[in-house]
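Colleague: Structure below; questions to follow.
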Amino acid sequence: MDFKLNDIQVSVQQTFREFVNKRVIPKAAEMDEAKEFPHELFNEVAKTGFFGMRYPESAGGSGMDIISYMLAVIELSRGSLSLAAVCTMQSLMATYFIYRYADEEIKNKYFLPALKGKKIGGICMTEPNAGSDLMSIKTLVKVKADHYELSGQKIWITSAPVADFFTVLARTDNHEKLSIFFVPTSLEGVHVGKSIEKLGLRASPTSEVSFDKVILPKNYLLGEIGAGTNGLREILAEIRVMTAAMSVGVARAAFETALDYAKTREQFGRPIGKFQAIKLKMADMAVKLETARNYVMHAAWLCNEDLPRFRESAMAKLYASEMANEICDAASRVMASYGYAMDFPMQRYLRDARFTLIGGGTSEILKINIAKDLGL
């Protein structure tokens, strides 16, 4: 197997690496402390074409392969996992079903502007009593003669306070399976609650969203009634690989910060990186980081080639997210008290990395799914 990146992939990686170094890293701490949606950098990311990378040129995107997309995700996550979270939401979950199923009216008014960052989207899946078990969703859409009526409650909705539209996973009153609906936030009956205070990803606002008898035109059904579960399966592997790529990005940030510190921090007359205890920690981190990166690239290649990838994407996300938390912890130990200080970025990496254990499926759910795929 050829592990070498092609010219386009190398160019994408370099472009986003330079953008992150120049524009994101200098503002990352400020964004985290402000605890607000990063409008300025979000718009700058839009200008790079990131939101349309994975969509074909015929739909208004740039038609990049999934490996290129994941390389960009890793770099954005290295700079700020909060920024990466809102940008990946925009470029995948919030817009995919509109691209896949919406009519030209919705695409022209919402999808195309979203690719340019002019409209902000989110996806509403999780409910107070339905997280890993999405089939427990209670949000209900009543089917009327000439419209739909949406009522229910969602929680942990990324970008909700600033969103212009949602794609909503709900039940219909005449079907057991879930369906997907397009819902502009301007409609009467759509209510967005205040942002939820979180340990990490503080510049990626999440809120509760409620729907009170929201009237939806017939064309706001995305796909067919009951097609929601299958629709999610279409992008589930990519969501997991994307979360794994985010894990690699934040882990790399922690690793590089600890490595620089180990080379410059002196104790007992020499840099601490010269002591065997630190050497072993850094070597362990380097091995885990490279293993995760390679697995992410492998899983991304499977997605790109449309090959079987259910197990591999789950494994990539499981390993990379656990790895990210291990590396952030180990890196903070290398920095000792400076890894605990709010004036240094390590504490942010520690806090943000916890998200990767949740987004895209918890480690426990992923292990169960992997076991099922093994026939157990």
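Following the order of the structure tokens, chains are lettered A, B, ..., residues in each are numbered from 1, and ligands are numbered from 1.
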Sorted by chain and rising residue number, list the residues of range 110-192 of chain A at most 12 Å from range 27-51 of chain A (counting only C-alpha atoms), each with its closest atom pair and distance in Å to one decimal, as a tab-separated table.
Modeller:
residue	atom	partner	partner_atom	distance
A:Phe111	CA	A:Phe51	CA	10.3
A:Leu112	CA	A:Phe51	CA	10.0
A:Pro113	CA	A:Phe51	CA	10.2
A:Ala114	CA	A:Phe51	CA	7.6
A:Leu115	CA	A:Phe51	CA	5.0
A:Lys116	CA	A:Ala46	CA	5.4
A:Gly117	CA	A:Ala46	CA	5.3
A:Lys118	CA	A:Asn43	CA	8.1
A:Lys119	CA	A:Asn43	CA	10.4
A:Ile120	CA	A:Phe42	CA	9.8
A:Gly121	CA	A:Phe51	CA	11.3
A:Thr158	CA	A:Phe37	CA	10.1
A:Ser159	CA	A:Phe37	CA	7.4
A:Ala160	CA	A:Phe37	CA	10.0
A:Pro161	CA	A:Phe37	CA	8.5
A:Val162	CA	A:Phe37	CA	7.6
A:Ala163	CA	A:Phe37	CA	10.4
Colleague: Residues near Gly63 in chain A, anyone? I mean within 6 Å using only C-alpha atoms, not counting same-chain ones fewer than 6 positions away, as an NGL selection string.
Modeller: :A and (53-57)
Colleague: For the selection just defined, write its residues with C-alpha atoms to a file, as a PDB file, in the first residue's frame.
Modeller:
ATOM      1  CA  MET A  53     -14.228  20.398   0.278  1.00  0.00           C
ATOM      2  CA  ARG A  54     -16.139  17.131   0.424  1.00  0.00           C
ATOM      3  CA  TYR A  55     -18.910  18.175  -1.991  1.00  0.00           C
ATOM      4  CA  PRO A  56     -18.550  17.912  -5.786  1.00  0.00           C
ATOM      5  CA  GLU A  57     -17.933  20.944  -7.955  1.00  0.00           C
TER       6      GLU A  57
END
Colleague: Quick one: residues within 7 Å of range 246-258 of chain A, only C-alpha atoms counted, chain neighbours fewer than 4 positions away excluded, as a ChimeraX atom specification?
Modeller: /A:73-75,77-78,81,242,262,289,292-293,320-321,324,327-328,331,334-335,346,349,353,356
Colleague: Measure the distance from CA of Ser151 in chain A to CA of Asp212 in chain A in Å and round it to one decimal.
Modeller: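 Computed distance, CA of Ser151 in chain A to CA of Asp212 in chain A, equals 4.9 Å.
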Colleague: Give me every alpha helix (DSSP H) residue in range 5-156 of chain A, going by DSSP on the backbone, as a PyMOL selection string.
Modeller: chain A and resi 7-19+25-34+39-47+66-79+81-88+94-101+104-106+112-115
Colleague: Find the residues around Ile278 in chain A up to 12 Å (only C-alpha atoms counted), leave out those fewer than 6 positions away in its own chain, and share them as a compact mmCIF listing (two decimals) with N, CA and C atoms, in the first residue's frame.
Modeller:
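The result, written out as result.txt:
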# COMPACT_ATOMS: atom_id res chain seq x y z
N ALA A 258 4.56 19.81 24.61
CA ALA A 258 5.40 19.13 25.61
C ALA A 258 6.81 18.91 25.09
N LEU A 259 6.94 18.61 23.79
CA LEU A 259 8.27 18.37 23.20
C LEU A 259 9.10 19.65 23.25
N TYR A 261 8.74 22.11 25.28
CA TYR A 261 9.03 22.37 26.70
C TYR A 261 10.18 21.49 27.18
N ALA A 262 10.15 20.21 26.79
CA ALA A 262 11.21 19.28 27.22
C ALA A 262 12.57 19.68 26.68
N LYS A 263 12.61 20.34 25.55
CA LYS A 263 13.88 20.75 24.95
C LYS A 263 14.44 22.04 25.56
N ARG A 265 13.17 23.53 28.85
CA ARG A 265 13.10 23.60 30.31
C ARG A 265 14.32 22.91 30.93
N PRO A 271 18.49 20.30 29.88
CA PRO A 271 17.09 20.23 29.51
C PRO A 271 16.45 18.94 30.04
N ILE A 272 15.21 19.03 30.49
CA ILE A 272 14.57 17.84 31.08
C ILE A 272 14.39 16.73 30.05
N ASP A 284 6.79 7.18 23.90
CA ASP A 284 5.48 6.52 23.95
C ASP A 284 4.42 7.36 23.26
N MET A 285 4.44 8.66 23.52
CA MET A 285 3.46 9.56 22.89
C MET A 285 3.63 9.58 21.38
N ALA A 330 -0.34 12.74 29.54
CA ALA A 330 1.11 12.53 29.63
C ALA A 330 1.87 13.82 29.35
N ALA A 331 1.41 14.57 28.37
CA ALA A 331 2.07 15.83 28.02
C ALA A 331 1.98 16.84 29.15
N SER A 332 0.84 16.86 29.83
CA SER A 332 0.69 17.79 30.96
C SER A 332 1.62 17.40 32.10
N ARG A 333 1.91 16.12 32.25
CA ARG A 333 2.83 15.67 33.29
C ARG A 333 4.26 16.09 32.98
N VAL A 334 4.59 16.07 31.69
CA VAL A 334 5.92 16.55 31.30
C VAL A 334 6.09 18.01 31.71
N MET A 335 5.04 18.79 31.56
CA MET A 335 5.11 20.21 31.88
C MET A 335 4.85 20.51 33.36
N ALA A 336 4.44 19.48 34.11
CA ALA A 336 4.22 19.61 35.56
C ALA A 336 3.30 20.81 35.88
Colleague: Just the residues within 10 Å of Trp301 in chain A, please, counting only C-alpha atoms, with nothing from its chain fewer than 5 positions along; format it as a PyMOL selection string.
Modeller: chain A and resi 65-68+295-296+306-307+309
Colleague: Looking only at the backbone, which of the residues in range 170-295 of chain A does DSSP tag as strand (DSSP E), as an MDAnalysis selection string?
Modeller: chainID A and resid 170:172 175:184 190:195 206:217 221:222 266:267 270:271
Colleague: For Arg348 in chain A, which residue among A:Asn129, A:Asn325, A:Thr172, A:Ser313 is the nearest when counting only C-alpha atoms?
Modeller: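 Distance minimum relative to Arg348 in chain A lands on A:Asn325.
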Colleague: Each residue of range 225-260 of chain A lying at most 12 Å from range 361-372 of chain A should get a row with its shortest atom-to-atom pair and the distance in Å to one decimal, counting only C-alpha atoms; could you produce that, ordered by chain and increasing number, as a Markdown table?
Modeller:
| residue | atom | partner | partner_atom | distance |
| --- | --- | --- | --- | --- |
| A:Leu236 | CA | A:Gly361 | CA | 9.8 |
| A:Ala237 | CA | A:Gly361 | CA | 10.9 |
| A:Ile239 | CA | A:Gly361 | CA | 9.5 |
| A:Arg240 | CA | A:Gly361 | CA | 7.7 |
| A:Val241 | CA | A:Gly361 | CA | 11.2 |
| A:Met242 | CA | A:Gly361 | CA | 11.9 |
| A:Thr243 | CA | A:Gly361 | CA | 9.4 |
| A:Ala244 | CA | A:Gly361 | CA | 10.9 |
Colleague: Write a file of the just-selected residues containing N, CA and C atoms, as an mmCIF file, in the first residue's frame.
Modeller:
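Written file, out-v4.cif:
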data_model
loop_
_atom_site.group_PDB
_atom_site.id
_atom_site.type_symbol
_atom_site.label_atom_id
_atom_site.label_comp_id
_atom_site.auth_asym_id
_atom_site.auth_seq_id
_atom_site.Cartn_x
_atom_site.Cartn_y
_atom_site.Cartn_z
ATOM 1 N N LEU A 236 -22.124 7.876 8.770
ATOM 2 C CA LEU A 236 -21.680 7.526 10.121
ATOM 3 C C LEU A 236 -20.182 7.230 10.165
ATOM 4 N N ALA A 237 -19.685 6.460 9.200
ATOM 5 C CA ALA A 237 -18.263 6.130 9.191
ATOM 6 C C ALA A 237 -17.426 7.388 9.050
ATOM 7 N N ILE A 239 -18.233 10.424 9.918
ATOM 8 C CA ILE A 239 -18.312 11.186 11.166
ATOM 9 C C ILE A 239 -17.307 10.645 12.173
ATOM 10 N N ARG A 240 -17.217 9.325 12.262
ATOM 11 C CA ARG A 240 -16.288 8.719 13.227
ATOM 12 C C ARG A 240 -14.830 8.958 12.831
ATOM 13 N N VAL A 241 -14.530 8.846 11.540
ATOM 14 C CA VAL A 241 -13.165 9.112 11.100
ATOM 15 C C VAL A 241 -12.827 10.579 11.321
ATOM 16 N N MET A 242 -13.788 11.448 11.082
ATOM 17 C CA MET A 242 -13.589 12.881 11.311
ATOM 18 C C MET A 242 -13.277 13.160 12.786
ATOM 19 N N THR A 243 -14.025 12.510 13.697
ATOM 20 C CA THR A 243 -13.765 12.687 15.126
ATOM 21 C C THR A 243 -12.400 12.135 15.498
ATOM 22 N N ALA A 244 -12.008 11.049 14.860
ATOM 23 C CA ALA A 244 -10.662 10.507 15.073
ATOM 24 C C ALA A 244 -9.605 11.490 14.598
#
Colleague: Here is a test: counting only C-alpha atoms, which residue of A:Glu322, A:Ala145, A:Phe344, A:Leu232 is nearest to Met125 in chain A?
Modeller: A:Leu232
Colleague: Between A:Ala85, A:Ala245, A:Met93, A:Leu134, single out the one closest to Ala299 in chain A, counting only C-alpha atoms.
Modeller: A:Ala245
Colleague: Would you mind listing what lies within 9 Å of Thr139 in chain A as a list of chain:residue names, with only C-alpha atoms counted and same-chain residues fewer than 3 positions away left out?
Modeller: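 Result of the neighbour search: A:Glu127, A:Leu150, A:Ser151, A:Gly152, A:Gln153, A:Lys154, A:Leu169, A:Ala170, A:Arg171, A:Thr172, A:Phe211.
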Colleague: Could the residues in this selection be written to a file with C-alpha atoms, as a compact mmCIF listing (two decimals), in the first residue's frame?
Modeller:
# COMPACT_ATOMS: atom_id res chain seq x y z
CA GLU A 127 -32.54 14.39 23.24
CA LEU A 150 -42.96 19.35 14.39
CA SER A 151 -42.87 19.20 18.20
CA GLY A 152 -40.16 18.01 20.58
CA GLN A 153 -37.00 18.78 22.48
CA LYS A 154 -33.34 18.39 21.53
CA LEU A 169 -34.10 13.73 13.25
CA ALA A 170 -37.67 12.94 14.29
CA ARG A 171 -40.43 10.37 14.28
CA THR A 172 -43.55 10.67 12.19
CA PHE A 211 -39.95 22.81 18.67
Colleague: Which residue, A:Met297, A:Met323, A:Ala277, A:Ile106, has the smallest gap to Lys4 in chain A when you use only C-alpha atoms?
Modeller: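 When distances to Lys4 in chain A are compared using only C-alpha atoms, the smallest one comes from A:Met297.
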Colleague: With range 95-98 of chain A as the partner and 10 Å as the cut-off, tabulate the residues of range 231-259 of chain A that qualify, each row holding the nearest pair of atoms and their distance in Å to one decimal, using only C-alpha atoms, sorted by chain and rising number, as a Markdown table.
Modeller:
| residue | atom | partner | partner_atom | distance |
| --- | --- | --- | --- | --- |
| A:Gly231 | CA | A:Phe97 | CA | 7.7 |
| A:Leu232 | CA | A:Phe97 | CA | 9.0 |
| A:Glu234 | CA | A:Tyr96 | CA | 9.8 |
| A:Ile235 | CA | A:Tyr96 | CA | 8.4 |
Colleague: Would you mind telling me which residue in A:Cys303, A:Val190, A:Ala203, A:Ala102 lies nearest to Cys87 in chain A when using only C-alpha atoms?
Modeller: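 That would be A:Ala203, the residue with the smallest distance to Cys87 in chain A.
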Colleague: Taking only C-alpha atoms into account, which of A:Leu187, A:Asp373, A:Ser80, A:Cys124 comes nearest Thr206 in chain A?
Modeller: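 When distances to Thr206 in chain A are compared using only C-alpha atoms, the smallest one comes from A:Cys124.
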